[in-house]
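Enquirer: Here you go, this is start.txt (compact mmCIF, C-alpha atoms).
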# COMPACT_ATOMS: atom_id res chain seq x y z
CA MET A 1 103.64 124.27 110.59
CA ILE A 2 99.86 124.37 110.24
CA LEU A 3 99.65 120.84 108.77
CA PRO A 4 101.36 119.13 111.75
CA ILE A 5 99.09 121.11 114.11
CA LEU A 6 95.98 120.00 112.25
CA ALA A 7 97.18 116.41 112.14
CA PHE A 8 97.78 116.57 115.90
CA GLY A 9 94.33 118.08 116.47
CA TYR A 10 92.49 115.33 114.64
CA ILE A 11 94.40 112.56 116.44
CA PHE A 12 93.86 114.36 119.77
CA ALA A 13 90.08 114.52 119.26
CA MET A 14 89.82 111.03 117.79
CA ARG A 15 91.72 109.39 120.65
CA ALA A 16 89.89 111.50 123.24
CA PHE A 17 86.71 109.60 122.42
CA LEU A 18 87.95 106.31 120.92
CA VAL A 19 90.02 105.19 123.92
CA TYR A 20 87.05 105.51 126.28
CA LEU A 21 84.44 104.32 123.80
CA PRO A 22 84.74 100.60 124.78
CA LEU A 23 84.32 101.50 128.48
CA TYR A 24 81.34 103.76 127.75
CA LEU A 25 79.68 101.12 125.59
CA GLU A 26 80.35 98.40 128.16
CA ASP A 27 78.71 100.51 130.87
CA GLY A 28 75.77 100.90 128.47
CA GLY A 29 75.31 97.13 128.44
CA LEU A 30 76.86 96.20 125.08
CA SER A 31 78.76 92.91 124.79
CA GLN A 32 82.45 92.69 123.91
CA HIS A 33 81.48 91.39 120.47
CA LYS A 34 79.30 94.42 119.74
CA ILE A 35 81.94 96.77 121.12
CA GLY A 36 84.49 95.20 118.79
CA ALA A 37 82.07 95.64 115.87
CA LEU A 38 81.54 99.36 116.62
CA VAL A 39 85.24 100.07 117.04
CA SER A 40 86.07 98.09 113.91
CA VAL A 41 83.45 99.85 111.77
CA PHE A 42 85.18 103.11 112.60
CA GLN A 43 88.35 101.47 111.24
CA ILE A 44 86.77 99.95 108.11
CA ALA A 45 84.51 102.85 107.12
CA PRO A 46 87.39 104.71 105.41
CA LEU A 47 87.91 101.70 103.13
CA LEU A 48 84.78 102.65 101.24
CA LEU A 49 86.24 105.85 99.81
CA LEU A 50 89.82 106.26 101.02
CA ILE A 51 91.47 105.71 97.63
CA PRO A 52 89.00 108.02 95.83
CA PHE A 53 89.54 110.58 98.60
CA GLY A 54 93.28 110.45 97.93
CA ILE A 55 92.82 110.82 94.16
CA MET A 56 90.40 113.71 94.78
CA GLY A 57 93.18 115.38 96.77
CA ASP A 58 95.45 115.07 93.71
CA ARG A 59 92.80 116.35 91.32
CA PHE A 60 91.10 119.07 93.38
CA ARG A 61 92.09 121.56 96.06
CA PRO A 62 92.86 119.61 99.25
CA ARG A 63 92.09 122.56 101.55
CA HIS A 64 88.35 122.30 100.91
CA LEU A 65 88.42 118.52 101.31
CA MET A 66 90.20 118.78 104.66
CA VAL A 67 87.75 121.32 106.09
CA THR A 68 84.81 119.26 104.84
CA GLY A 69 86.24 116.11 106.43
CA LEU A 70 86.60 117.78 109.83
CA LEU A 71 83.03 119.12 109.68
CA ILE A 72 81.63 115.68 108.81
CA PHE A 73 83.68 114.08 111.59
CA ALA A 74 82.45 116.57 114.22
CA GLY A 75 78.82 116.54 113.06
CA ALA A 76 78.48 112.76 112.96
CA LEU A 77 80.26 112.38 116.29
CA PHE A 78 77.79 114.83 117.85
CA VAL A 79 74.88 112.76 116.51
CA SER A 80 76.42 109.56 117.91
CA ALA A 81 76.45 111.11 121.40
CA LYS A 82 72.65 111.15 121.28
CA LEU A 83 72.36 107.45 120.42
CA SER A 84 72.51 104.33 122.57
CA SER A 85 71.30 101.49 120.34
CA PHE A 86 73.80 99.29 118.52
CA VAL A 87 72.46 99.52 114.96
CA PRO A 88 72.08 103.35 114.78
CA LEU A 89 75.55 103.75 116.31
CA LEU A 90 76.93 101.37 113.70
CA PHE A 91 75.69 103.52 110.81
CA VAL A 92 76.74 106.82 112.38
CA PHE A 93 80.25 105.57 113.10
CA VAL A 94 80.60 104.81 109.39
CA VAL A 95 80.05 108.53 108.72
CA VAL A 96 82.43 109.52 111.53
CA GLY A 97 85.12 107.33 109.97
CA LEU A 98 84.53 108.72 106.48
CA GLY A 99 84.90 112.30 107.69
CA GLY A 100 88.10 111.47 109.50
CA SER A 101 89.56 109.67 106.50
CA LEU A 102 88.71 112.54 104.13
CA PHE A 103 90.69 114.87 106.38
CA THR A 104 93.57 112.53 107.23
CA ILE A 105 94.46 111.35 103.74
CA ASN A 106 94.50 114.87 102.33
CA CYS A 107 96.42 116.33 105.26
CA ASP A 108 99.12 113.65 104.97
CA SER A 109 99.20 113.89 101.18
CA LEU A 110 99.57 117.67 101.22
CA TYR A 111 102.49 117.41 103.63
CA PHE A 112 104.16 114.66 101.58
CA LYS A 113 103.90 116.86 98.50
CA SER A 114 105.44 119.81 100.33
CA ILE A 115 108.77 118.14 101.17
CA THR A 116 111.79 117.34 99.04
CA ASP A 117 114.23 114.42 99.29
CA ARG A 118 116.73 116.31 101.43
CA ARG A 119 116.48 115.10 105.05
CA ARG A 120 113.19 113.48 104.22
CA GLY A 121 113.36 111.14 107.22
CA MET A 122 113.64 113.97 109.75
CA LYS A 123 110.91 116.04 108.09
CA LEU A 124 108.52 113.10 108.24
CA ALA A 125 109.68 112.33 111.78
CA TRP A 126 108.81 115.82 113.05
CA TYR A 127 105.44 115.75 111.32
CA SER A 128 104.67 112.28 112.64
CA GLY A 129 106.01 113.10 116.10
CA ILE A 130 103.82 116.19 116.52
CA ARG A 131 100.87 114.21 115.19
CA ALA A 132 101.59 111.34 117.57
CA MET A 133 101.43 113.56 120.64
CA GLY A 134 97.68 113.52 120.16
CA PHE A 135 97.64 109.79 120.85
CA GLY A 136 98.74 110.45 124.43
CA LEU A 137 97.42 113.93 125.23
CA GLY A 138 93.92 113.17 123.93
CA PRO A 139 93.22 110.25 126.32
CA PHE A 140 95.17 111.98 129.14
CA LEU A 141 93.03 115.13 129.20
CA ALA A 142 89.80 113.33 128.27
CA GLY A 143 90.25 111.01 131.25
CA TYR A 144 90.09 113.95 133.64
CA VAL A 145 87.11 115.50 131.85
CA LEU A 146 85.15 112.24 131.86
CA ASP A 147 86.04 111.36 135.44
CA ALA A 148 84.97 114.78 136.75
CA ASN A 149 81.95 114.91 134.40
CA PHE A 150 83.17 118.44 133.61
CA MET A 151 80.38 120.56 132.07
CA LEU A 152 78.26 117.37 132.13
CA LEU A 153 80.65 115.81 129.62
CA GLY A 154 80.36 112.22 130.73
CA ASN A 155 80.04 111.11 127.11
CA PRO A 156 83.35 110.55 125.27
CA MET A 157 81.77 111.47 121.91
CA LEU A 158 80.94 114.96 123.16
CA VAL A 159 84.50 115.33 124.44
CA GLY A 160 85.72 114.45 120.94
CA VAL A 161 83.42 117.05 119.35
CA LEU A 162 84.59 119.89 121.60
CA SER A 163 88.22 118.83 121.10
CA ILE A 164 88.07 119.15 117.31
CA LEU A 165 86.29 122.52 117.11
CA PRO A 166 89.40 124.76 117.54
CA PHE A 167 91.20 122.85 114.80
CA ILE A 168 88.30 123.29 112.39
CA VAL A 169 88.82 127.05 112.80
CA ILE A 170 92.57 126.69 112.20
CA SER A 171 91.94 124.65 109.03
CA LEU A 172 90.23 127.66 107.46
CA PHE A 173 93.67 129.33 107.19
CA LEU A 174 95.26 126.61 105.05
CA TRP A 175 96.94 127.69 101.83
CA GLU A 176 95.52 126.81 98.43
CA VAL A 177 97.28 124.23 96.23
CA PRO A 178 96.69 124.19 92.45
CA ALA A 179 94.81 121.19 91.04
CA GLU A 180 96.77 118.63 88.99
CA ARG A 181 95.94 116.87 85.75
CA ILE A 182 95.93 113.13 86.46
CA VAL A 183 95.65 109.92 84.44
CA LEU A 184 94.11 106.95 86.27
CA ALA A 185 96.21 104.45 84.31
CA ASP A 186 99.33 105.93 85.94
CA TYR A 187 98.03 104.92 89.38
CA ALA A 188 97.58 101.33 88.25
CA ARG A 189 101.14 101.27 86.89
CA ASP A 190 102.46 102.58 90.20
CA LEU A 191 100.71 99.90 92.23
CA ARG A 192 101.95 96.97 90.12
CA ARG A 193 105.55 97.44 91.21
CA LYS A 194 106.98 94.70 93.44
CA GLN A 195 108.17 97.23 96.03
CA VAL A 196 104.65 98.59 96.43
CA LEU A 197 103.08 95.11 96.67
CA VAL A 198 105.54 93.91 99.31
CA LEU A 199 105.15 97.12 101.30
CA ALA A 200 101.36 96.62 101.19
CA VAL A 201 101.68 93.12 102.69
CA ILE A 202 103.99 94.38 105.45
CA VAL A 203 101.68 97.30 106.26
CA PHE A 204 98.69 94.95 106.46
CA LEU A 205 100.40 92.55 108.85
CA PHE A 206 101.78 95.29 111.09
CA SER A 207 98.55 97.30 111.21
CA TYR A 208 96.60 94.39 112.69
CA HIS A 209 97.80 95.36 116.16
CA PHE A 210 96.43 98.91 115.88
CA GLY A 211 92.91 97.49 115.77
CA VAL A 212 93.66 95.12 118.63
CA GLU A 213 94.75 98.08 120.75
CA ALA A 214 91.60 100.04 119.91
CA THR A 215 89.31 97.21 121.06
CA CYS A 216 91.27 95.56 123.86
CA PHE A 217 93.82 97.87 125.49
CA SER A 218 91.54 100.06 127.63
CA LEU A 219 89.55 96.95 128.63
CA PHE A 220 92.83 95.23 129.52
CA LEU A 221 93.81 98.17 131.72
CA LYS A 222 90.42 98.17 133.44
CA HIS A 223 89.99 94.44 134.04
CA ARG A 224 93.60 93.21 134.30
CA LEU A 225 95.14 96.15 136.17
CA GLY A 226 92.01 97.67 137.75
CA GLN A 227 92.53 101.18 136.34
CA ASP A 228 89.88 103.90 136.22
CA ASN A 229 89.50 106.59 133.53
CA VAL A 230 92.16 108.91 134.97
CA ALA A 231 94.67 106.08 135.43
CA ILE A 232 94.02 104.87 131.88
CA GLY A 233 94.70 108.38 130.59
CA HIS A 234 97.97 108.53 132.51
CA THR A 235 99.03 105.15 131.15
CA TYR A 236 98.41 106.24 127.56
CA LEU A 237 100.40 109.42 128.14
CA TYR A 238 103.36 107.54 129.65
CA ILE A 239 103.47 105.18 126.69
CA ILE A 240 103.00 107.78 123.96
CA MET A 241 105.67 110.03 125.48
CA ALA A 242 108.19 107.57 124.07
CA LEU A 243 106.69 107.58 120.56
CA ALA A 244 107.78 111.03 119.36
CA PRO A 245 111.45 110.57 120.45
CA ALA A 246 111.44 107.14 118.83
CA MET A 247 110.29 108.74 115.56
CA ILE A 248 112.97 111.44 115.70
CA VAL A 249 115.69 108.83 116.24
CA ALA A 250 114.22 106.70 113.45
CA GLY A 251 114.15 109.67 111.06
CA SER A 252 117.79 110.46 111.79
CA ILE A 253 118.80 106.82 111.24
CA SER A 254 116.92 106.74 107.94
CA ASP A 255 118.63 109.91 106.69
CA ARG A 256 122.11 108.75 107.74
CA ALA A 257 121.68 105.29 106.25
CA GLY A 258 120.10 106.61 103.04
CA HIS A 259 117.31 104.04 103.34
CA PRO A 260 114.66 102.99 105.90
CA ASN A 261 115.10 99.21 105.53
CA LEU A 262 116.67 98.56 108.95
CA LEU A 263 113.83 100.49 110.57
CA GLY A 264 111.27 98.10 109.10
CA LEU A 265 112.96 95.05 110.60
CA VAL A 266 113.49 96.71 113.99
CA ALA A 267 109.86 97.82 114.01
CA MET A 268 108.40 94.40 113.39
CA GLY A 269 110.80 92.76 115.86
CA CYS A 270 109.90 95.21 118.64
CA SER A 271 106.20 94.83 117.89
CA ALA A 272 106.45 91.05 118.14
CA VAL A 273 108.27 91.20 121.48
CA GLY A 274 106.11 93.97 122.98
CA ASN A 275 102.81 92.39 122.01
CA GLY A 276 103.85 88.85 122.96
CA ALA A 277 104.98 90.08 126.37
CA MET A 278 101.43 91.22 127.18
CA LEU A 279 100.72 87.62 128.21
CA LEU A 280 103.09 88.08 131.16
CA VAL A 281 101.96 91.53 132.29
CA GLY A 282 100.47 91.68 135.78
CA SER A 283 101.48 95.14 136.97
CA LEU A 284 101.85 98.68 135.65
CA GLY A 285 105.65 98.45 135.73
CA TRP A 286 105.82 95.39 133.50
CA LEU A 287 103.12 96.85 131.27
CA LEU A 288 105.23 99.97 130.66
CA VAL A 289 108.28 97.83 129.86
CA ALA A 290 106.33 95.80 127.31
CA ARG A 291 104.65 98.83 125.74
CA PHE A 292 107.85 100.91 125.60
CA ILE A 293 109.47 98.13 123.58
CA HIS A 294 106.39 98.06 121.42
CA VAL A 295 106.32 101.86 120.98
CA ILE A 296 109.92 101.84 119.74
CA GLY A 297 108.64 99.50 117.04
CA ASP A 298 105.69 101.76 116.27
CA GLY A 299 107.92 104.81 115.89
CA ALA A 300 110.37 102.98 113.66
CA PHE A 301 107.61 101.52 111.50
CA ILE A 302 105.79 104.80 110.99
CA ILE A 303 108.97 106.42 109.67
CA PHE A 304 109.88 103.34 107.62
CA ASN A 305 106.43 103.30 106.02
CA ARG A 306 106.22 107.05 105.36
CA VAL A 307 109.73 107.32 103.90
CA ALA A 308 109.04 104.31 101.68
CA ILE A 309 105.73 105.77 100.45
CA ALA A 310 107.24 109.21 99.85
CA SER A 311 109.97 107.64 97.71
CA LEU A 312 107.67 105.33 95.74
CA PHE A 313 105.11 107.75 94.34
CA GLN A 314 105.24 110.89 92.21
CA ARG A 315 104.11 114.06 93.97
CA ARG A 316 101.22 114.62 91.59
CA ARG A 317 99.90 111.11 92.41
CA MET A 318 100.85 111.04 96.08
CA GLY A 319 97.21 111.14 97.22
CA GLY A 320 96.25 108.01 95.29
CA GLY A 321 99.33 106.06 96.34
CA LEU A 322 99.08 107.14 99.96
CA GLY A 323 95.35 106.37 99.92
CA THR A 324 96.00 102.83 98.67
CA LEU A 325 98.64 102.00 101.31
CA THR A 326 96.53 103.63 104.03
CA THR A 327 93.56 101.53 102.90
CA VAL A 328 95.65 98.38 103.29
CA GLY A 329 96.58 99.52 106.79
CA PHE A 330 92.93 100.13 107.67
CA ILE A 331 92.01 96.63 106.48
CA GLY A 332 94.61 95.17 108.85
CA SER A 333 93.45 97.45 111.65
CA PHE A 334 89.81 96.52 111.05
CA LEU A 335 90.57 92.81 111.28
CA GLY A 336 92.50 93.44 114.48
CA ALA A 337 89.64 95.43 116.01
CA TYR A 338 87.00 92.91 114.97
CA THR A 339 88.86 89.73 115.93
CA GLY A 340 89.92 91.44 119.15
CA GLY A 341 86.24 91.34 120.08
CA LEU A 342 85.90 87.67 119.08
CA ILE A 343 88.98 86.20 120.78
CA PRO A 344 88.16 85.51 124.47
CA GLY A 345 89.81 87.76 127.03
CA HIS A 346 91.71 90.97 126.43
CA VAL A 347 95.28 89.67 126.08
CA TRP A 348 95.42 86.87 123.50
CA PRO A 349 94.70 89.24 120.56
CA PHE A 350 98.01 90.95 121.37
CA TYR A 351 99.81 87.62 121.06
CA VAL A 352 98.24 87.05 117.63
CA ALA A 353 99.44 90.53 116.61
CA GLY A 354 102.97 89.61 117.68
CA VAL A 355 102.92 86.47 115.55
CA LEU A 356 101.79 88.46 112.49
CA ALA A 357 104.67 90.91 113.03
CA VAL A 358 107.10 87.98 112.81
CA VAL A 359 105.41 86.92 109.57
CA GLY A 360 105.96 90.46 108.28
CA MET A 361 109.70 90.21 109.02
CA VAL A 362 109.89 86.95 107.08
CA VAL A 363 108.06 88.47 104.09
CA PHE A 364 110.42 91.47 104.04
CA LEU A 365 113.56 89.34 104.24
CA VAL A 366 112.44 86.75 101.70
CA SER A 367 111.30 89.38 99.18
CA GLY A 368 114.82 90.81 98.95
CA ILE A 369 113.52 94.31 98.17
CA SER A 370 115.01 97.58 99.36
CA PHE A 371 113.66 101.11 99.73
CA SER A 372 115.52 104.38 99.21
CA ASN A 373 115.20 107.79 100.83
CA ARG A 374 115.24 109.39 97.40
CA GLY A 375 112.08 109.68 95.33
CA GLU A 376 113.39 108.11 92.14
CA SER A 377 111.81 104.67 92.09
CA LEU A 378 108.87 105.59 89.85
CA ARG A 379 110.40 108.39 87.82
CA TYR A 380 111.67 105.90 85.25
CA ALA A 381 108.15 105.69 83.85
CA GLU A 382 107.96 109.40 83.26
CA GLY A 383 111.38 109.95 81.75
CA GLN A 384 112.72 111.90 84.71
CA ALA A 385 116.34 111.15 85.46
CA LYS A 386 116.73 113.69 88.22
CA VAL A 387 114.87 114.69 91.33
CA ASP A 388 112.08 117.16 90.73
CA ALA A 389 113.04 120.77 91.29
CA PRO A 390 111.44 122.23 94.42
CA GLN A 391 108.06 123.82 93.75
CA GLN A 392 106.16 126.49 95.61
CA GLY A 393 105.53 125.41 99.18
CA GLU A 394 108.42 122.89 99.27
CA TYR A 395 111.31 123.07 101.65
Using structure tokens, write down the structure that the file contains.
Expert:
Amino acid sequence: MILPILAFGYIFAMRAFLVYLPLYLEDGGLSQHKIGALVSVFQIAPLLLLIPFGIMGDRFRPRHLMVTGLLIFAGALFVSAKLSSFVPLLFVFVVVGLGGSLFTINCDSLYFKSITDRRRGMKLAWYSGIRAMGFGLGPFLAGYVLDANFMLLGNPMLVGVLSILPFIVISLFLWEVPAERIVLADYARDLRRKQVLVLAVIVFLFSYHFGVEATCFSLFLKHRLGQDNVAIGHTYLYIIMALAPAMIVAGSISDRAGHPNLLGLVAMGCSAVGNGAMLLVGSLGWLLVARFIHVIGDGAFIIFNRVAIASLFQRRRMGGGLGTLTTVGFIGSFLGAYTGGLIPGHVWPFYVAGVLAVVGMVVFLVSGISFSNRGESLRYAEGQAKVDAPQQGEY
């Protein structure tokens, strides 16, 4: 249970500052282009070392890497709270992103390694659902703190620092996992499979909208709907409340069907409709309708992607495989965040994201590939004809 709590804690702290970062920077006089650059550098920074971080988690003890990542994240975020110029903030946000990625990839990898094939969809759904609660609760509570300037915390970066501190303490109680002997050539063989390549393309196209949301959504709420910090926090909470149930339903569907393929198509369809509908939104009611449709897609895609990854890679190389697919997602998210600052207005980037989701559906259908809930797709290369026996820490 400690891994889902830690995953929730990081997302809670990260969203507590990231949602309000564009508003804070705008009040500080930065242009939309510079705001997009700062938000996007937080997205792209993990690309520098995300795959090595994942391989390190396979080779070394992930507990130490996770604690180190949280400390780097908190320390760099504290430094950023003291800065106001664009260039220094740009460099510090690179460090913030690296610390977060070191924690995230090893937390996810350790959980993936701890589960077996049985009811894999539901296990990943519960983990992802608890983690996702941070997306809503972080902005919700931070909105009140920032609006009231509680304890002089009018800076979202300081709110993020204080939010992560309790979870750094909790991370000290993680269990130790023995190091594995790895061969780098095995990672290359894993990544050459058609299933992995197609999944990478789909993840890239779908992840574009995550960056768009980071740059444009809070600005959309402020300028299009006239919301203040508290109202923005409430809106995020309303939307994210639907994410965890969507994941649980998606996990159940995946387990019953024996594969997550339908979830992938539903996810991209809902994303296309929900993002395209943002062009028509003029009130909170219609916004919630559009985003609820979109969140159903997010929940379905997260389970589709995680079940597919868990079935494609051997446990001992899960960190490297997960790091690669997560890197692809961050590239898509970075492009969404950056172009979201370049495209005029705060709504057209959502339309572009919807179009890319349709392209993802076409790629999936044309490729003709299929994913399974069972982790057998790469065992052929290692002469394993049966599912690995549960090891210590598995359930």
Enquirer: Tell me which of A:Gly36, A:Gly226, A:Gly69, A:Pro139 sits closest to A:Leu284, counting all atoms listed in the file.
Expert: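 That would be A:Gly226, the residue with the smallest distance to A:Leu284.
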Enquirer: To box stretch 352-355 of chain A, take all atoms listed in the file, fit an axis-aligned box, add 3 Å on each side, and give centre and edge lengths in Å to one decimal, as lines of an AutoDock Vina configuration file.
Expert:
center_x = 100.6
center_y = 88.5
center_z = 116.6
size_x = 10.7
size_y = 10.1
size_z = 8.1
Enquirer: Quick one, how far is atom CA of A:Gly143 from atom CA of A:Cys216?
Expert: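 For atom CA of A:Gly143 relative to atom CA of A:Cys216, the distance reads 17.2 Å.
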Enquirer: Name the residues in contact with A:Leu23 at a cut-off of 12 Å, using all atoms listed in the file, excluding same-chain residues fewer than 5 positions from it; report them as an NGL selection string.
Expert: :A and (17-18 or 28-32 or 35-36 or 39 or 143 or 146 or 154-156 or 214-223 or 227-229 or 232)
Enquirer: Nearest to A:Arg306: which of A:Lys34, A:Arg120, A:Arg224, A:Arg193 is it, counting only C-alpha atoms?
Expert: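 Checking each of A:Lys34, A:Arg120, A:Arg224, A:Arg193 against A:Arg306, counting only C-alpha atoms, the winner is A:Arg120.
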Enquirer: Find the residues around A:Leu102 up to 7 Å (only C-alpha atoms counted), leave out those fewer than 3 positions away in its own chain, and share them as a list in words.
Expert: Phe53, Leu65, Met66, Gly69, Leu98, Gly99, Ile105 and Asn106 of chain A
Enquirer: For atom CA of A:Arg256 and atom CA of A:Cys270, quote the distance in Å rounded to one decimal.
Expert: 21.2 Å
Enquirer: Using only C-alpha atoms, can you list as a list in words the residues within 9 Å of (85.5, 102.1, 111.7)?
Expert: Ala37, Leu38, Val39, Ser40, Val41, Phe42, Gln43, Ile44, Ala45, Pro46, Leu47, Leu90, Phe93, Val94, Val95, Val96, Gly97, Leu98, Phe330, Phe334 and Ala337 of chain A
Enquirer: One number please: atom CA of A:Phe103 to atom CA of A:Val87, in Å, one decimal.
Expert: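 About the pair atom CA of A:Phe103 and atom CA of A:Val87: they are 25.3 Å apart.
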Enquirer: When you look at A:Asn261 with a cut-off of 7 Å (counting all atoms listed in the file), what residues show up, excluding the ones that are within fewer than 5 positions of it in the same chain? I need them as an mmCIF file with C-alpha atoms, in the coordinates of the input.
Expert:
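Full text of result.cif as output:
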data_model
loop_
_atom_site.group_PDB
_atom_site.id
_atom_site.type_symbol
_atom_site.label_atom_id
_atom_site.label_comp_id
_atom_site.auth_asym_id
_atom_site.auth_seq_id
_atom_site.Cartn_x
_atom_site.Cartn_y
_atom_site.Cartn_z
ATOM 1 C CA PHE A 304 109.880 103.340 107.620
ATOM 2 C CA SER A 370 115.010 97.580 99.360
ATOM 3 C CA PHE A 371 113.660 101.110 99.730
#
Enquirer: Pick the closest to A:Leu199 from A:Leu325, A:Val67, A:Ala250, A:Val352: which is it, counting only C-alpha atoms?
Expert: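 The shortest atom-to-atom distance to A:Leu199 comes from A:Leu325.
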Enquirer: Given all atoms listed in the file as the basis, pick out the residue of A:Gly321, A:Gly269, A:Pro349, A:Pro344 nearest to A:Ile296.
Expert: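 Using all atoms listed in the file, the shortest distance to A:Ile296 belongs to A:Gly269.
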Enquirer: With distances taken over all atoms listed in the file, which of A:Gly285, A:Pro4, A:Gly329, A:Gly264 is nearest to A:Tyr127?
Expert: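 For A:Tyr127, the nearest of the candidates is A:Pro4.
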Enquirer: Just checking: using all atoms listed in the file, which residue out of A:Gly282, A:Gly274, A:Gly9, A:Gly129 ends up closest to A:Gly160?
Expert: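 Once distances to A:Gly160 are computed over all atoms listed in the file, the minimum belongs to A:Gly9.
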Enquirer: Could you pull the residues within 9 Å of A:Ser109, counting all atoms listed in the file, minus those fewer than 5 positions along the same chain, as an MDAnalysis selection string?
Expert: chainID A and resid 54 57:58 62 104 114 315 318:320 322:323
Enquirer: Within 12 Å of (106.5, 102.7, 115.5) (file coordinates; all atoms listed in the file), which protein or nucleic acid residues are there? I'd like them as number ranges by chain.
Expert: A: 125, 128-129, 132, 203, 206-207, 209-210, 239-240, 242-251, 263-272, 274, 291-306
Enquirer: Give me the residues within 10 Å of stretch 194-198 of chain A as a PDB file with C-alpha atoms, keeping the file's coordinate frame, counting only C-alpha atoms and dropping any in the same chain fewer than 5 places off.
Expert:
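Once everything was written out, this is out_34.pdb:
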ATOM      1  CA  VAL A 203     101.680  97.300 106.260  1.00  0.00           C
ATOM      2  CA  PHE A 204      98.690  94.950 106.460  1.00  0.00           C
ATOM      3  CA  ALA A 308     109.040 104.310 101.680  1.00  0.00           C
ATOM      4  CA  ILE A 309     105.730 105.770 100.450  1.00  0.00           C
ATOM      5  CA  LEU A 312     107.670 105.330  95.740  1.00  0.00           C
ATOM      6  CA  PHE A 313     105.110 107.750  94.340  1.00  0.00           C
ATOM      7  CA  GLY A 321      99.330 106.060  96.340  1.00  0.00           C
ATOM      8  CA  THR A 324      96.000 102.830  98.670  1.00  0.00           C
ATOM      9  CA  LEU A 325      98.640 102.000 101.310  1.00  0.00           C
ATOM     10  CA  GLY A 360     105.960  90.460 108.280  1.00  0.00           C
ATOM     11  CA  VAL A 363     108.060  88.470 104.090  1.00  0.00           C
ATOM     12  CA  PHE A 364     110.420  91.470 104.040  1.00  0.00           C
ATOM     13  CA  SER A 367     111.300  89.380  99.180  1.00  0.00           C
ATOM     14  CA  GLY A 368     114.820  90.810  98.950  1.00  0.00           C
ATOM     15  CA  ILE A 369     113.520  94.310  98.170  1.00  0.00           C
ATOM     16  CA  SER A 370     115.010  97.580  99.360  1.00  0.00           C
ATOM     17  CA  PHE A 371     113.660 101.110  99.730  1.00  0.00           C
ATOM     18  CA  SER A 377     111.810 104.670  92.090  1.00  0.00           C
TER      19      SER A 377
END
